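Engineer: Sharing entry.txt here; it has compact mmCIF, C-alpha atoms and all ligand atoms.
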# COMPACT_ATOMS: atom_id res chain seq x y z
CA MET D 1320 100.71 85.87 121.35
CA LEU D 1321 100.25 82.33 120.11
CA LYS D 1322 102.30 79.70 121.96
CA GLU D 1323 102.77 76.15 120.71
CA GLU D 1324 104.99 73.29 121.81
CA ILE D 1325 106.38 72.01 118.51
CA TYR D 1326 108.71 69.29 119.81
CA SER D 1327 108.67 67.34 123.00
CA SER D 1328 110.60 64.43 124.46
CA GLU D 1329 110.92 63.33 128.06
CA ASN D 1330 113.05 66.28 129.19
CA HIS D 1331 113.46 68.45 126.12
CA SER D 1332 110.98 70.77 124.38
CA TRP D 1333 110.82 73.39 121.65
CA TYR D 1334 108.23 76.19 121.71
CA ILE D 1335 107.26 78.76 119.14
CA PHE D 1336 105.73 82.13 120.09
CA CYS D 1337 104.16 83.93 117.15
CA ARG D 1338 101.23 85.81 115.54
CA ASP D 1339 101.27 88.49 118.23
CA PRO D 1340 97.89 90.30 117.98
CA GLU D 1341 99.17 93.20 120.10
CA LYS D 1342 102.17 93.87 117.88
CA PRO D 1343 102.34 97.49 116.70
CA GLU D 1344 101.30 97.66 113.04
CA ASN D 1345 104.49 99.10 111.61
CA ILE D 1346 106.97 96.51 112.80
CA ILE D 1347 107.69 93.22 111.06
CA ASP D 1348 106.12 90.17 112.64
CA THR D 1349 108.60 87.74 114.18
CA ASN D 1350 108.62 84.23 115.59
CA GLU D 1351 110.46 83.61 118.84
CA TYR D 1352 111.62 80.09 119.73
CA LEU D 1353 112.59 78.64 123.07
CA ILE D 1354 114.21 75.31 123.93
CA ILE D 1355 113.71 74.02 127.45
CA SER D 1356 115.98 71.15 128.42
CA ASP D 1357 115.65 69.82 131.98
CA GLY D 1358 114.33 73.23 133.04
CA GLU D 1359 117.12 75.23 131.39
CA GLY D 1360 116.08 77.71 128.68
CA LEU D 1361 117.69 78.76 125.40
CA ALA D 1362 115.99 81.59 123.49
CA MET D 1363 116.54 82.07 119.75
CA ASP D 1364 116.37 85.53 118.15
CA PRO D 1365 114.45 86.95 121.14
CA GLY D 1366 113.19 89.90 119.11
CA GLY D 1367 112.91 93.64 119.14
CA THR D 1368 112.43 96.14 121.94
CA GLU D 1369 108.88 96.95 120.91
CA ILE D 1370 107.59 93.43 121.51
CA PHE D 1371 109.75 92.63 124.54
CA ALA D 1372 106.89 92.85 127.07
CA HIS D 1373 104.77 90.41 125.04
CA VAL D 1374 107.65 87.96 124.64
CA VAL D 1375 108.59 88.01 128.33
CA SER D 1376 105.00 87.43 129.28
CA ALA D 1377 104.67 84.53 126.80
CA PHE D 1378 107.98 82.90 127.81
CA SER D 1379 106.93 83.15 131.47
CA GLU D 1380 104.04 80.80 130.78
CA VAL D 1381 106.49 77.95 130.15
CA ILE D 1382 109.64 78.80 132.15
CA PRO D 1383 110.72 81.25 134.88
CA VAL D 1384 112.59 83.86 132.87
CA SER D 1385 115.51 83.64 135.31
CA ASP D 1386 116.01 80.04 134.12
CA ILE D 1387 116.89 81.17 130.59
CA SER D 1388 120.66 80.66 130.61
CA THR D 1389 121.34 81.27 126.94
CA PHE D 1390 120.30 83.62 124.16
CA PHE D 1391 121.24 83.13 120.54
CA ALA D 1392 121.28 85.95 117.99
CA SER D 1393 121.57 84.56 114.46
CA HIS D 1394 122.68 87.97 113.21
CA GLN D 1395 122.60 91.68 114.06
CA ASP D 1396 119.24 92.91 112.89
CA PRO D 1397 117.01 94.93 115.26
CA ASP D 1398 114.10 92.49 114.84
CA VAL D 1399 116.50 89.79 116.10
CA ILE D 1400 118.19 91.35 119.10
CA SER D 1401 117.37 95.02 119.82
CA SER D 1402 115.67 93.78 123.03
CA LEU D 1403 119.14 92.83 124.32
CA PRO D 1404 119.41 95.43 127.13
CA LEU D 1405 115.99 94.48 128.46
CA TRP D 1406 116.85 90.78 128.49
CA THR D 1407 120.24 91.28 130.12
CA GLY D 1408 118.49 93.35 132.77
CA LEU D 1409 116.33 90.32 133.61
CA CYS D 1410 119.01 87.68 133.00
CA PRO D 1411 122.35 89.26 134.00
CA LYS D 1412 124.15 85.91 134.06
CA ALA D 1413 122.87 84.52 130.76
CA LYS D 1414 125.27 83.94 127.89
CA ILE D 1415 124.55 85.68 124.60
CA TYR D 1416 125.82 83.72 121.59
CA LEU D 1417 126.29 85.93 118.54
CA PRO D 1418 128.41 86.12 115.36
CA TRP D 1419 131.93 87.37 116.08
CA LEU D 1420 131.59 89.63 113.04
CA TRP D 1421 128.78 91.57 114.69
CA GLU D 1422 130.12 91.85 118.23
CA ASP D 1423 131.04 95.55 118.02
CA TYR D 1424 127.77 96.37 116.29
CA ILE D 1425 125.44 94.49 118.62
CA ALA D 1426 127.27 96.25 121.47
CA HIS D 1427 125.49 99.40 120.27
CA PHE D 1428 122.27 97.89 121.64
CA ASP D 1429 123.81 97.32 125.10
CA LEU D 1430 127.46 98.03 125.84
CA ALA D 1431 127.20 96.63 129.37
CA ALA D 1432 126.11 93.27 127.92
CA VAL D 1433 129.47 92.70 126.22
CA LYS D 1434 130.70 90.75 129.25
CA GLN D 1435 127.90 88.24 128.60
CA PHE D 1436 128.77 87.79 124.90
CA VAL D 1437 130.08 84.50 123.53
CA THR D 1438 131.25 85.16 120.00
CA VAL D 1439 130.78 82.40 117.43
CA PRO D 1440 133.68 81.90 114.99
CA ASP D 1441 133.13 81.68 111.23
CA GLU D 1442 133.21 77.87 111.24
CA GLY D 1443 130.38 77.68 113.81
CA SER D 1444 130.39 76.21 117.30
CA GLU D 1445 128.32 74.37 119.88
CA ILE D 1446 126.16 75.26 122.85
CA ARG D 1447 125.98 72.70 125.64
CA PHE D 1448 123.12 72.51 128.12
CA ARG D 1449 123.95 71.61 131.72
CA ASN D 1450 122.47 68.15 131.11
CA GLY D 1451 124.98 67.59 128.30
CA HIS D 1452 122.53 68.17 125.45
CA ILE D 1453 124.45 69.66 122.52
CA ILE D 1454 123.22 72.27 120.05
CA GLN D 1455 125.14 73.06 116.86
CA LEU D 1456 125.57 76.53 115.36
CA ILE D 1457 125.82 76.08 111.60
CA PRO D 1458 127.40 78.73 109.33
CA ALA D 1459 124.86 80.58 107.20
CA HIS D 1460 127.01 83.53 106.13
CA TYR D 1461 125.51 85.86 103.52
CA VAL D 1462 122.11 84.22 103.92
CA HIS D 1463 121.43 87.02 104.53
CA ALA D 1464 123.86 88.75 106.90
CA PRO D 1465 127.62 88.34 106.21
CA GLY D 1466 127.99 86.85 109.70
CA ASN D 1467 125.00 84.56 110.31
CA TYR D 1468 124.23 81.12 111.75
CA SER D 1469 121.46 78.56 111.88
CA LEU D 1470 120.91 76.57 115.07
CA TYR D 1471 120.55 72.78 114.84
CA ASP D 1472 119.36 70.44 117.56
CA PRO D 1473 120.54 66.97 116.45
CA SER D 1474 118.54 64.85 118.86
CA ALA D 1475 115.29 66.74 118.17
CA LYS D 1476 116.08 67.10 114.43
CA MET D 1477 114.99 70.72 114.63
CA LEU D 1478 116.63 73.55 112.69
CA PHE D 1479 116.16 77.24 113.52
CA SER D 1480 116.98 78.97 110.25
CA GLY D 1481 116.68 82.68 111.16
CA ASP D 1482 115.60 84.70 108.14
CA ILE D 1483 116.03 81.75 105.77
CA GLY D 1484 112.62 80.35 104.89
CA SER D 1485 110.92 83.48 106.15
CA ALA D 1486 107.59 84.63 104.75
CA LEU D 1487 105.61 87.83 105.05
CA LEU D 1488 102.21 86.44 105.91
CA PRO D 1489 98.92 87.97 104.77
CA ASN D 1490 97.24 87.84 108.19
CA SER D 1491 97.73 86.85 111.81
CA ASN D 1492 95.45 83.82 111.48
CA TYR D 1493 97.91 82.06 109.18
CA SER D 1494 98.74 78.51 110.28
CA VAL D 1495 101.87 77.88 112.34
CA PHE D 1496 102.97 75.20 109.84
CA VAL D 1497 103.13 75.56 106.06
CA GLU D 1498 100.13 73.74 104.61
CA ASP D 1499 99.97 74.73 100.93
CA PHE D 1500 103.54 75.07 99.68
CA GLU D 1501 102.66 76.56 96.28
CA GLN D 1502 100.58 79.27 97.90
CA HIS D 1503 103.25 79.88 100.53
CA ILE D 1504 105.79 80.69 97.81
CA SER D 1505 103.92 83.91 97.09
CA TYR D 1506 104.65 85.09 100.64
CA MET D 1507 108.37 84.29 100.59
CA GLU D 1508 109.64 84.67 97.02
CA THR D 1509 110.29 88.42 96.94
CA PHE D 1510 111.70 88.32 100.47
CA HIS D 1511 114.34 85.77 99.48
CA LYS D 1512 115.20 87.41 96.16
CA ARG D 1513 115.80 90.74 97.90
CA TRP D 1514 117.28 89.79 101.27
CA MET D 1515 119.54 86.94 100.17
CA PRO D 1516 122.50 88.43 98.28
CA SER D 1517 124.48 85.42 97.06
CA ASN D 1518 123.52 82.28 95.14
CA ARG D 1519 126.86 80.69 96.04
CA ALA D 1520 126.37 81.29 99.76
CA LYS D 1521 122.76 80.14 99.58
CA ASN D 1522 123.74 76.88 97.89
CA ASP D 1523 126.54 76.33 100.40
CA TRP D 1524 123.99 76.58 103.23
CA ILE D 1525 121.59 74.22 101.42
CA ALA D 1526 124.38 71.65 101.04
CA ARG D 1527 125.13 71.86 104.77
CA VAL D 1528 121.49 71.41 105.67
CA ARG D 1529 121.06 68.46 103.32
CA GLU D 1530 123.71 66.68 105.41
CA LEU D 1531 121.47 66.99 108.48
CA GLU D 1532 118.32 65.15 109.46
CA VAL D 1533 115.72 67.90 109.72
CA ASP D 1534 112.14 67.21 110.78
CA MET D 1535 111.27 70.91 111.10
CA LEU D 1536 112.83 74.00 109.58
CA CYS D 1537 111.81 76.96 111.74
CA PRO D 1538 112.20 80.50 110.34
CA GLN D 1539 112.15 83.80 112.23
CA HIS D 1540 109.21 85.08 110.16
CA GLY D 1541 106.30 83.17 108.70
CA ALA D 1542 105.49 79.48 109.10
CA ILE D 1543 107.38 76.29 109.96
CA PHE D 1544 108.30 73.71 107.29
CA LYS D 1545 107.56 70.26 108.67
CA GLY D 1546 108.21 66.79 107.22
CA GLU D 1547 108.06 66.75 103.42
CA MET D 1548 107.81 70.57 103.38
CA VAL D 1549 111.47 70.77 104.45
CA GLY D 1550 112.63 69.11 101.23
CA LYS D 1551 110.19 71.17 99.16
CA PHE D 1552 111.61 74.34 100.63
CA LEU D 1553 115.24 73.31 100.03
CA ASP D 1554 114.48 72.34 96.40
CA TRP D 1555 112.62 75.61 95.82
CA PHE D 1556 115.35 77.70 97.44
CA GLU D 1557 118.07 75.91 95.47
CA ALA D 1558 116.37 76.72 92.19
CA LEU D 1559 115.70 80.35 93.14
CA GLU D 1560 118.04 83.01 91.83
CA VAL D 1561 118.64 85.45 94.69
CA GLY D 1562 120.20 88.90 94.95
CA ILE D 1563 118.29 90.05 91.90
CA ALA D 1564 115.32 92.02 93.24
CA ILE D 1565 116.91 95.37 92.47
CA PRO D 1566 114.25 98.04 92.15
CA SER D 1567 114.32 99.70 88.73
FE FE D 1601 117.67 89.81 109.15
FE FE D 1602 114.38 88.88 110.43
Show me this structure written as structure tokens.
Ligand SMILES: [Fe+2]
Ligand SMILES: [Fe+2]
Structural biologist:
Amino acid sequence: MLKEEIYSSENHSWYIFCRDPEKPENIIDTNEYLIISDGEGLAMDPGGTEIFAHVVSAFSEVIPVSDISTFFASHQDPDVISSLPLWTGLCPKAKIYLPWLWEDYIAHFDLAAVKQFVTVPDEGSEIRFRNGHIIQLIPAHYVHAPGNYSLYDPSAKMLFSGDIGSALLPNSNYSVFVEDFEQHISYMETFHKRWMPSNRAKNDWIARVRELEVDMLCPQHGAIFKGEMVGKFLDWFEALEVGIAIPS
């Protein structure tokens, strides 16, 4: 599994883990992200059961797994959080931030984990590291799940966007960052047309994100938008009509 530090300051880092060569063929490829702030870990969309062993092993290269205090599930999908019971087995004191709307559904993955849940209200909320560093959970409802959030790190100017901005890449050698935007569209256009149900909700999310300073937009599948690619993605997504890829 590829590991790359994508942001770093004195005491605060972001890592991506991706392009897993050992991933079974029939499951969708995912990116896992980890923030480490003064030795405390926050894992975003930690992934599915089938890749859990690879993700644990990769995370362990940068932090003792027992130091991960927080998990964030942007929404309910199995590629996001079906590994929940395995993670709570390793991190029984960690907090699991998840959409309030999905609490009773995600509990189907691990009923015993409910005591570790922190449900996020519709308007969003914050996560605070022990060192005071604040992370914002930004509403992203209906883009694509009806209860869904993006995670924004204001001091790092990093945005984890979950399925938004995702691409189904042609091979596991694809670059970690988007290099050729026009070509990249071909890997994400159908995904967004099919998985994003509402133009109104999509444009509401874009307006929220345009209020933020974003150096990197980091999706759960595909490649990261960095620098000028962030604006290119937002412009492209704004112009795209979604919820229309109905098979005939
Ligand atoms: Fe999803
Ligand atoms: Fe996904």
Engineer: As a ChimeraX atom specification, please: the residues near D:Pro1397 (cut-off 8 Å, all atoms listed in the file, same-chain neighbours under 3 positions excluded).
Structural biologist: /D:1366-1367,1400-1402
Engineer: Return as a list in words every polymer residue, whether protein, DNA or RNA, with at least one atom no more than 7 Å from an atom of ligand FE 1601 (chain D); count all atoms listed in the file.
Structural biologist: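 The neighbouring residues of ligand FE 1601 (chain D) are, in order, His1394, Asp1396, His1463, Ala1464 and Asp1482 of chain D.
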Engineer: Smallest atom-to-atom distance to D:Glu1530: which of D:Val1374, D:His1331, D:Tyr1424, D:Tyr1471, using only C-alpha atoms?
Structural biologist: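 Among D:Val1374, D:His1331, D:Tyr1424, D:Tyr1471, it is D:Tyr1471 that comes nearest to D:Glu1530.
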Engineer: Which distance in Å separates atom CA of D:Leu1361 and atom CA of D:Ala1459, to one decimal?
Structural biologist: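 Pair atom CA of D:Leu1361 / atom CA of D:Ala1459 returns 19.6 Å.
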Engineer: Can you tell me which residues sit at most 12 Å away from ligand FE 1602 (chain D), counting all atoms listed in the file, written as a ChimeraX atom specification?
Structural biologist: /D:1346-1351,1363-1367,1392-1401,1462-1464,1467,1480-1487,1510-1511,1514-1515,1538-1541
Engineer: Just give me the gap between atom CA of D:Leu1403 and atom CA of D:Trp1333 in Å, one decimal is fine.
Structural biologist: 21.3 Å
Engineer: Generate the missing atoms of stretch 1373-1396 of chain D up to N, CA and C atoms and report them as a tab-separated table (two decimals), in the frame of the given file.
Structural biologist:
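This went into part-v6.tsv:
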chain	number	residue	atom	x	y	z
D	1373	HIS	N	105.62	91.54	125.45
D	1373	HIS	CA	104.77	90.41	125.04
D	1373	HIS	C	105.57	89.10	125.10
D	1374	VAL	N	106.82	89.18	124.68
D	1374	VAL	CA	107.65	87.96	124.64
D	1374	VAL	C	107.97	87.48	126.06
D	1375	VAL	N	108.32	88.39	126.93
D	1375	VAL	CA	108.59	88.01	128.33
D	1375	VAL	C	107.37	87.35	128.93
D	1376	SER	N	106.23	87.95	128.71
D	1376	SER	CA	105.00	87.43	129.28
D	1376	SER	C	104.72	86.02	128.73
D	1377	ALA	N	104.93	85.83	127.43
D	1377	ALA	CA	104.67	84.53	126.80
D	1377	ALA	C	105.68	83.48	127.28
D	1378	PHE	N	106.96	83.84	127.33
D	1378	PHE	CA	107.98	82.90	127.81
D	1378	PHE	C	107.66	82.47	129.25
D	1379	SER	N	107.19	83.43	130.05
D	1379	SER	CA	106.93	83.15	131.47
D	1379	SER	C	105.86	82.09	131.68
D	1380	GLU	N	105.07	81.84	130.65
D	1380	GLU	CA	104.04	80.80	130.78
D	1380	GLU	C	104.65	79.40	130.75
D	1381	VAL	N	105.90	79.29	130.24
D	1381	VAL	CA	106.49	77.95	130.15
D	1381	VAL	C	107.78	77.79	130.95
D	1382	ILE	N	108.39	78.91	131.38
D	1382	ILE	CA	109.64	78.80	132.15
D	1382	ILE	C	109.83	80.09	132.96
D	1383	PRO	N	110.33	80.01	134.20
D	1383	PRO	CA	110.72	81.25	134.88
D	1383	PRO	C	111.82	81.92	134.05
D	1384	VAL	N	111.65	83.20	133.77
D	1384	VAL	CA	112.59	83.86	132.87
D	1384	VAL	C	114.03	83.77	133.40
D	1385	SER	N	114.16	83.73	134.72
D	1385	SER	CA	115.51	83.64	135.31
D	1385	SER	C	116.19	82.30	134.99
D	1386	ASP	N	115.43	81.33	134.49
D	1386	ASP	CA	116.01	80.04	134.12
D	1386	ASP	C	116.46	79.99	132.66
D	1387	ILE	N	116.34	81.10	131.95
D	1387	ILE	CA	116.89	81.17	130.59
D	1387	ILE	C	118.38	81.49	130.73
D	1388	SER	N	119.21	80.51	130.40
D	1388	SER	CA	120.66	80.66	130.61
D	1388	SER	C	121.36	81.14	129.35
D	1389	THR	N	120.66	81.05	128.21
D	1389	THR	CA	121.34	81.27	126.94
D	1389	THR	C	120.42	81.98	125.95
D	1390	PHE	N	120.98	82.98	125.28
D	1390	PHE	CA	120.30	83.62	124.16
D	1390	PHE	C	121.17	83.44	122.92
D	1391	PHE	N	120.51	83.27	121.79
D	1391	PHE	CA	121.24	83.13	120.54
D	1391	PHE	C	120.72	84.18	119.57
D	1392	ALA	N	121.64	84.97	119.03
D	1392	ALA	CA	121.28	85.95	117.99
D	1392	ALA	C	121.89	85.46	116.69
D	1393	SER	N	121.05	85.09	115.72
D	1393	SER	CA	121.57	84.56	114.46
D	1393	SER	C	122.37	85.60	113.70
D	1394	HIS	N	121.95	86.86	113.82
D	1394	HIS	CA	122.68	87.97	113.21
D	1394	HIS	C	122.31	89.26	113.92
D	1395	GLN	N	122.61	90.40	113.33
D	1395	GLN	CA	122.60	91.68	114.06
D	1395	GLN	C	121.32	92.48	113.98
D	1396	ASP	N	120.35	92.03	113.21
D	1396	ASP	CA	119.24	92.91	112.89
D	1396	ASP	C	118.41	93.29	114.13
